[in-house]
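As stored in query-v9.pdb (PDB, C-alpha atoms):
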```pdb
ATOM      1  CA  MET A   1      27.008 -12.228  -3.658
ATOM      2  CA  THR A   2      28.614 -12.988  -0.332
ATOM      3  CA  ASP A   3      25.465 -13.696   1.686
ATOM      4  CA  GLU A   4      24.964 -17.196   3.017
ATOM      5  CA  LEU A   5      21.863 -19.304   3.484
ATOM      6  CA  ASP A   6      21.486 -22.195   5.906
ATOM      7  CA  ALA A   7      18.853 -24.906   6.309
ATOM      8  CA  GLY A   8      16.695 -22.555   8.362
ATOM      9  CA  THR A   9      16.611 -20.014   5.553
ATOM     10  CA  VAL A  10      15.523 -22.644   3.049
ATOM     11  CA  PHE A  11      12.896 -23.916   5.484
ATOM     12  CA  ARG A  12      11.486 -20.377   5.767
ATOM     13  CA  TRP A  13      11.615 -20.054   1.976
ATOM     14  CA  LEU A  14       9.554 -23.181   1.383
ATOM     15  CA  THR A  15       7.151 -22.377   4.205
ATOM     16  CA  ALA A  16       6.591 -18.944   2.695
ATOM     17  CA  ALA A  17       6.112 -20.525  -0.731
ATOM     18  CA  ALA A  18       3.473 -22.840   0.709
ATOM     19  CA  ALA A  19       1.677 -19.861   2.247
ATOM     20  CA  SER A  20       1.782 -18.025  -1.089
ATOM     21  CA  VAL A  21       0.389 -21.027  -2.943
ATOM     22  CA  GLU A  22      -2.366 -21.335  -0.331
ATOM     23  CA  ARG A  23      -3.217 -17.671  -0.732
ATOM     24  CA  GLU A  24      -3.102 -17.685  -4.542
ATOM     25  CA  ALA A  25      -4.587 -21.162  -5.158
ATOM     26  CA  ASP A  26      -7.848 -19.805  -6.552
ATOM     27  CA  LEU A  27      -6.014 -17.482  -8.934
ATOM     28  CA  LEU A  28      -3.744 -20.287 -10.141
ATOM     29  CA  THR A  29      -6.766 -22.502 -10.770
ATOM     30  CA  GLU A  30      -8.565 -19.678 -12.553
ATOM     31  CA  LEU A  31      -5.577 -19.156 -14.848
ATOM     32  CA  ASP A  32      -5.361 -22.892 -15.451
ATOM     33  CA  SER A  33      -9.068 -23.144 -16.223
ATOM     34  CA  ALA A  34      -8.536 -20.904 -19.257
ATOM     35  CA  ILE A  35      -5.729 -22.909 -20.882
ATOM     36  CA  GLY A  36      -5.244 -26.071 -18.833
ATOM     37  CA  ASP A  37      -7.012 -28.615 -16.640
ATOM     38  CA  ALA A  38      -8.194 -26.194 -13.931
ATOM     39  CA  ASP A  39      -6.264 -28.021 -11.202
ATOM     40  CA  HIS A  40      -2.939 -26.183 -10.915
ATOM     41  CA  GLY A  41      -3.855 -24.309  -7.764
ATOM     42  CA  SER A  42      -5.362 -27.254  -5.927
ATOM     43  CA  ASN A  43      -2.518 -29.568  -6.934
ATOM     44  CA  LEU A  44       0.203 -27.220  -5.736
ATOM     45  CA  GLN A  45      -1.752 -26.392  -2.598
ATOM     46  CA  ARG A  46      -1.850 -30.077  -1.687
ATOM     47  CA  GLY A  47       1.792 -30.571  -2.607
ATOM     48  CA  PHE A  48       3.228 -27.687  -0.623
ATOM     49  CA  ALA A  49       1.062 -28.572   2.368
ATOM     50  CA  ALA A  50       2.730 -31.993   2.256
ATOM     51  CA  VAL A  51       6.116 -30.280   2.074
ATOM     52  CA  VAL A  52       5.425 -28.232   5.210
ATOM     53  CA  THR A  53       4.228 -31.346   7.043
ATOM     54  CA  ALA A  54       7.343 -33.304   6.043
ATOM     55  CA  LEU A  55       9.667 -30.486   7.050
ATOM     56  CA  GLY A  56       7.898 -30.302  10.385
ATOM     57  CA  LYS A  57       8.667 -33.958  11.041
ATOM     58  CA  GLU A  58      12.247 -33.931   9.793
ATOM     59  CA  SER A  59      14.936 -31.320  10.299
ATOM     60  CA  PRO A  60      17.594 -31.620   7.600
ATOM     61  CA  SER A  61      20.727 -29.738   8.587
ATOM     62  CA  ALA A  62      21.789 -28.651   5.101
ATOM     63  CA  PRO A  63      20.024 -26.449   2.543
ATOM     64  CA  GLY A  64      20.398 -29.110  -0.124
ATOM     65  CA  ALA A  65      18.822 -31.769   2.068
ATOM     66  CA  VAL A  66      15.827 -29.532   2.774
ATOM     67  CA  LEU A  67      15.241 -29.033  -0.938
ATOM     68  CA  ILE A  68      15.636 -32.726  -1.722
ATOM     69  CA  LEU A  69      13.066 -33.638   0.917
ATOM     70  CA  ALA A  70      10.659 -31.008  -0.394
ATOM     71  CA  GLY A  71      11.102 -32.172  -3.963
ATOM     72  CA  ARG A  72      10.462 -35.749  -2.994
ATOM     73  CA  GLN A  73       7.212 -34.756  -1.283
ATOM     74  CA  LEU A  74       6.017 -32.814  -4.314
ATOM     75  CA  VAL A  75       6.618 -35.761  -6.624
ATOM     76  CA  SER A  76       4.717 -38.139  -4.348
ATOM     77  CA  SER A  77       1.772 -35.895  -3.502
ATOM     78  CA  VAL A  78       1.011 -33.766  -6.577
ATOM     79  CA  GLY A  79      -0.836 -35.122  -9.570
ATOM     80  CA  GLY A  80      -0.445 -34.104 -13.192
ATOM     81  CA  ALA A  81       2.689 -32.455 -14.495
ATOM     82  CA  SER A  82       3.222 -30.071 -11.581
ATOM     83  CA  GLY A  83       4.546 -32.690  -9.159
ATOM     84  CA  PRO A  84       7.313 -34.094 -11.356
ATOM     85  CA  LEU A  85       8.314 -30.655 -12.651
ATOM     86  CA  TYR A  86       8.456 -28.828  -9.315
ATOM     87  CA  GLY A  87       9.844 -31.926  -7.627
ATOM     88  CA  THR A  88      12.615 -32.114 -10.210
ATOM     89  CA  LEU A  89      13.398 -28.426  -9.754
ATOM     90  CA  LEU A  90      13.854 -28.713  -6.000
ATOM     91  CA  ARG A  91      15.546 -32.114  -5.943
ATOM     92  CA  ARG A  92      18.092 -31.263  -8.630
ATOM     93  CA  THR A  93      18.778 -27.904  -6.997
ATOM     94  CA  GLY A  94      19.296 -29.663  -3.675
ATOM     95  CA  LYS A  95      21.595 -32.285  -5.162
ATOM     96  CA  ALA A  96      23.660 -29.584  -6.840
ATOM     97  CA  LEU A  97      24.119 -27.832  -3.486
ATOM     98  CA  GLY A  98      25.459 -31.019  -1.922
ATOM     99  CA  ASP A  99      25.776 -31.392   1.836
ATOM    100  CA  ALA A 100      27.216 -27.969   2.674
ATOM    101  CA  ASP A 101      25.828 -26.456   5.882
ATOM    102  CA  ARG A 102      25.696 -22.995   4.320
ATOM    103  CA  VAL A 103      25.605 -21.812   0.712
ATOM    104  CA  THR A 104      26.048 -18.418  -0.884
ATOM    105  CA  GLY A 105      23.503 -16.735  -3.102
ATOM    106  CA  SER A 106      25.776 -17.376  -6.066
ATOM    107  CA  GLN A 107      25.903 -21.074  -5.256
ATOM    108  CA  LEU A 108      22.127 -21.182  -4.946
ATOM    109  CA  ALA A 109      21.744 -19.472  -8.322
ATOM    110  CA  GLU A 110      24.122 -21.946  -9.951
ATOM    111  CA  ALA A 111      22.291 -24.892  -8.387
ATOM    112  CA  MET A 112      18.895 -23.516  -9.374
ATOM    113  CA  ARG A 113      20.075 -23.139 -12.947
ATOM    114  CA  ILE A 114      20.884 -26.852 -12.942
ATOM    115  CA  GLY A 115      17.426 -27.521 -11.532
ATOM    116  CA  VAL A 116      15.705 -25.367 -14.144
ATOM    117  CA  ASP A 117      17.676 -27.031 -16.941
ATOM    118  CA  ALA A 118      16.458 -30.387 -15.608
ATOM    119  CA  VAL A 119      12.863 -29.114 -15.715
ATOM    120  CA  ALA A 120      13.378 -27.997 -19.317
ATOM    121  CA  GLN A 121      14.727 -31.401 -20.249
ATOM    122  CA  LEU A 122      11.917 -33.254 -18.473
ATOM    123  CA  GLY A 123       9.204 -31.153 -20.083
ATOM    124  CA  GLY A 124      10.888 -30.828 -23.458
ATOM    125  CA  ALA A 125      10.314 -27.080 -23.272
ATOM    126  CA  ALA A 126      12.382 -23.939 -23.751
ATOM    127  CA  LEU A 127      12.232 -20.267 -22.887
ATOM    128  CA  GLY A 128       9.384 -18.682 -24.841
ATOM    129  CA  ASP A 129       7.162 -21.767 -24.948
ATOM    130  CA  LYS A 130       4.711 -20.235 -22.426
ATOM    131  CA  THR A 131       5.592 -22.461 -19.494
ATOM    132  CA  MET A 132       7.021 -22.151 -15.996
ATOM    133  CA  LEU A 133      10.442 -21.739 -17.604
ATOM    134  CA  ASP A 134       9.500 -18.215 -18.682
ATOM    135  CA  ALA A 135       9.578 -17.169 -15.024
ATOM    136  CA  LEU A 136      12.246 -19.570 -13.758
ATOM    137  CA  TYR A 137      15.003 -18.691 -16.205
ATOM    138  CA  PRO A 138      14.747 -14.886 -15.786
ATOM    139  CA  GLY A 139      14.580 -15.282 -12.015
ATOM    140  CA  VAL A 140      17.669 -17.473 -11.872
ATOM    141  CA  GLU A 141      19.633 -15.247 -14.226
ATOM    142  CA  ALA A 142      18.821 -12.158 -12.149
ATOM    143  CA  LEU A 143      19.878 -13.975  -8.979
ATOM    144  CA  ALA A 144      23.117 -15.061 -10.626
ATOM    145  CA  ALA A 145      23.852 -11.510 -11.772
ATOM    146  CA  GLY A 146      24.220 -10.395  -8.169
ATOM    147  CA  GLY A 147      24.061  -6.683  -7.490
ATOM    148  CA  PRO A 148      22.980  -4.889  -4.318
ATOM    149  CA  HIS A 149      19.577  -6.631  -4.102
ATOM    150  CA  PRO A 150      19.840  -9.926  -6.010
ATOM    151  CA  TYR A 151      16.821 -11.607  -4.419
ATOM    152  CA  GLY A 152      14.576  -8.639  -5.061
ATOM    153  CA  ALA A 153      15.883  -8.493  -8.626
ATOM    154  CA  ALA A 154      15.136 -12.206  -9.053
ATOM    155  CA  ARG A 155      11.600 -11.679  -7.774
ATOM    156  CA  THR A 156      11.025  -8.819 -10.203
ATOM    157  CA  ALA A 157      12.501 -10.716 -13.147
ATOM    158  CA  ALA A 158      10.341 -13.770 -12.444
ATOM    159  CA  ASP A 159       7.215 -11.629 -12.120
ATOM    160  CA  GLU A 160       7.984  -9.883 -15.394
ATOM    161  CA  GLY A 161       8.692 -13.230 -17.042
ATOM    162  CA  ALA A 162       5.325 -14.576 -15.948
ATOM    163  CA  LEU A 163       3.542 -11.473 -17.223
ATOM    164  CA  ALA A 164       5.368 -11.776 -20.549
ATOM    165  CA  THR A 165       3.603 -15.110 -21.163
ATOM    166  CA  VAL A 166       0.274 -13.334 -21.771
ATOM    167  CA  PRO A 167       0.873 -12.550 -25.466
ATOM    168  CA  MET A 168       2.689 -15.830 -26.135
ATOM    169  CA  ARG A 169       1.250 -18.796 -28.008
ATOM    170  CA  ALA A 170       1.743 -21.960 -25.996
ATOM    171  CA  ARG A 171       4.002 -24.518 -27.617
ATOM    172  CA  LYS A 172       4.155 -27.102 -24.842
ATOM    173  CA  GLY A 173       1.788 -28.705 -22.373
ATOM    174  CA  ARG A 174      -1.986 -28.804 -22.280
ATOM    175  CA  ALA A 175      -2.232 -25.168 -23.374
ATOM    176  CA  SER A 176      -0.507 -25.938 -26.693
ATOM    177  CA  TYR A 177      -3.623 -27.818 -27.810
ATOM    178  CA  LEU A 178      -5.483 -24.505 -27.927
ATOM    179  CA  GLY A 179      -3.198 -23.005 -30.559
ATOM    180  CA  GLU A 180      -3.958 -19.318 -31.102
ATOM    181  CA  ARG A 181      -6.573 -19.402 -28.347
ATOM    182  CA  SER A 182      -3.780 -19.703 -25.776
ATOM    183  CA  ILE A 183      -2.723 -16.142 -26.612
ATOM    184  CA  GLY A 184      -3.925 -13.541 -24.132
ATOM    185  CA  HIS A 185      -3.745 -15.750 -21.048
ATOM    186  CA  LYS A 186      -1.078 -15.680 -18.349
ATOM    187  CA  ASP A 187       0.569 -19.050 -17.893
ATOM    188  CA  PRO A 188      -0.337 -20.612 -14.520
ATOM    189  CA  GLY A 189       2.992 -22.453 -14.199
ATOM    190  CA  ALA A 190       4.972 -19.275 -14.758
ATOM    191  CA  THR A 191       2.741 -17.519 -12.241
ATOM    192  CA  SER A 192       3.340 -20.131  -9.546
ATOM    193  CA  SER A 193       7.058 -20.187 -10.340
ATOM    194  CA  ALA A 194       7.220 -16.454  -9.720
ATOM    195  CA  LEU A 195       5.747 -17.097  -6.274
ATOM    196  CA  LEU A 196       8.847 -19.133  -5.442
ATOM    197  CA  PHE A 197      11.103 -16.144  -6.015
ATOM    198  CA  THR A 198       8.818 -13.853  -4.036
ATOM    199  CA  ALA A 199       8.978 -16.317  -1.149
ATOM    200  CA  LEU A 200      12.771 -16.569  -1.441
ATOM    201  CA  ALA A 201      13.183 -12.804  -1.350
ATOM    202  CA  GLY A 202      10.974 -12.656   1.724
ATOM    203  CA  ALA A 203      12.851 -15.420   3.512
ATOM    204  CA  VAL A 204      16.204 -13.756   2.944
ATOM    205  CA  ALA A 205      14.836 -10.379   4.045
ATOM    206  CA  ASP A 206      13.765 -11.990   7.317
ATOM    207  CA  GLU A 207      17.366 -12.990   8.102
TER     208      GLU A 207
END
```

Write the structure described by the file as structure tokens, please.
Amino acid sequence: MTDELDAGTVFRWLTAAAASVEREADLLTELDSAIGDADHGSNLQRGFAAVVTALGKESPSAPGAVLILAGRQLVSSVGGASGPLYGTLLRRTGKALGDADRVTGSQLAEAMRIGVDAVAQLGGAALGDKTMLDALYPGVEALAAGGPHPYGAARTAADEGALATVPMRARKGRASYLGERSIGHKDPGATSSALLFTALAGAVADE
């Protein structure tokens, strides 16, 4: 991938993600009510609203700095597990990008892989545990693979990864307490993670 993203692109990405979370908050909470604490949608809605507010007050000049700021806001404003996990994803991705003014899609994919690995370590989870990782890992791998439409491919892979959680038995998080009863439900964290890739694809298409 030879395309480049600047701070403005990342700002549009996160703004679009916030809009998606706002739009899908009720669905995320509905999914979470079946196998979690019924607060995933409202928590992320509050967190991404804080991100948009913070980005409106500050104007970081590098993609990495934008992500670090967003991650910091999510950690400080979102309760439960979502804040630390999403905050870690964005902050570690931002730190991996460094202070470059522009980054390529390949560099973003590499940095996001570092961020997703950090989420896995923090949550003690792995691919197939019915968590947000089941959307994040496929999305990142599709982005890293390149091709003519890497962002669209990442969006599709993340969506398919989230859908693939339906027949899984949860092995981590609140849903794991349900045992077999967690089977048949789409994971809310994977669903919200897929929204990130949809927002990214949209932001890049708007370039």

Given only C-alpha atoms as the counted atoms, nearest of A:Gly87, A:Gly56, A:Gly105, A:Gly189 to A:Asp6: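 Among the listed residues, the smallest separation from A:Asp6 belongs to A:Gly105.
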
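Applied to this file, the PyMOL selection byres ((chain A and resi 91-96) around 9) selects Pro63, Gly64, Ala65, Val66, Leu67, Ile68, Leu69, Ala70, Gly71, Arg72, Tyr86, Gly87, Thr88, Leu89, Leu90, Leu97, Gly98, Asp99, Gln107, Leu108, Glu110, Ala111, Met112, Arg113, Ile114, Gly115, Val116 and Ala118 of chain A.
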
Residue IDs satisfying the PyMOL selection byres ((chain A and resi 26-35) around 9), as a list in words: Val21, Glu22, Arg23, Glu24, Ala25, Gly36, Asp37, Ala38, Asp39, His40, Gly41, Ser42, Arg174, Ala175, Ser176, Tyr177, Leu178, Arg181, Ser182, His185, Lys186, Asp187, Pro188, Gly189, Thr191 and Ser192 of chain A

Result set of the PyMOL selection byres ((chain A and resi 76) around 12) on the coordinates above, as a PyMOL selection string: chain A and resi 43-44+46-48+50-51+54+69-75+77-88

Minimum-distance residue to A:Ala49, chosen among A:Ala120, A:Ala18, A:Pro167, A:Ser61 (using all atoms listed in the file): A:Ala18

Distance in Å - atom CA of A:Ala125 versus atom CA of A:Ser20: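 Pair atom CA of A:Ala125 / atom CA of A:Ser20 returns 25.4 Å.
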
As JSON, what would the box around stretch 58-69 of chain A look like: edges along x, y and z, 4 Å added on every side, centre and edge lengths in Å to one decimal?
```
{"center_x": 17.0, "center_y": -30.2, "center_z": 4.3, "size_x": 17.5, "size_y": 15.5, "size_z": 20.0}
```

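Atom CA of A:Thr131 is found 5.7 Å from atom CA of A:Ala190.
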
Polymer residues at most 12 Å from stretch 197-204 of chain A, only C-alpha atoms, same-chain spacing of 4 or more positions, as number ranges by chain: A: 3-21, 104-105, 108-109, 112, 135-143, 149-162, 190-193

One-decimal distance in Å that lies between atom CA of A:Leu55 and atom CA of A:Ala144: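 If I compute the distance from atom CA of A:Ala144 to atom CA of A:Leu55, I get 27.0 Å.
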
Near-A:Lys172 list (10 Å; all atoms listed in the file; drop same-chain fewer than 6 positions) as a VMD selection string: chain A and resid 123 to 126 128 to 131
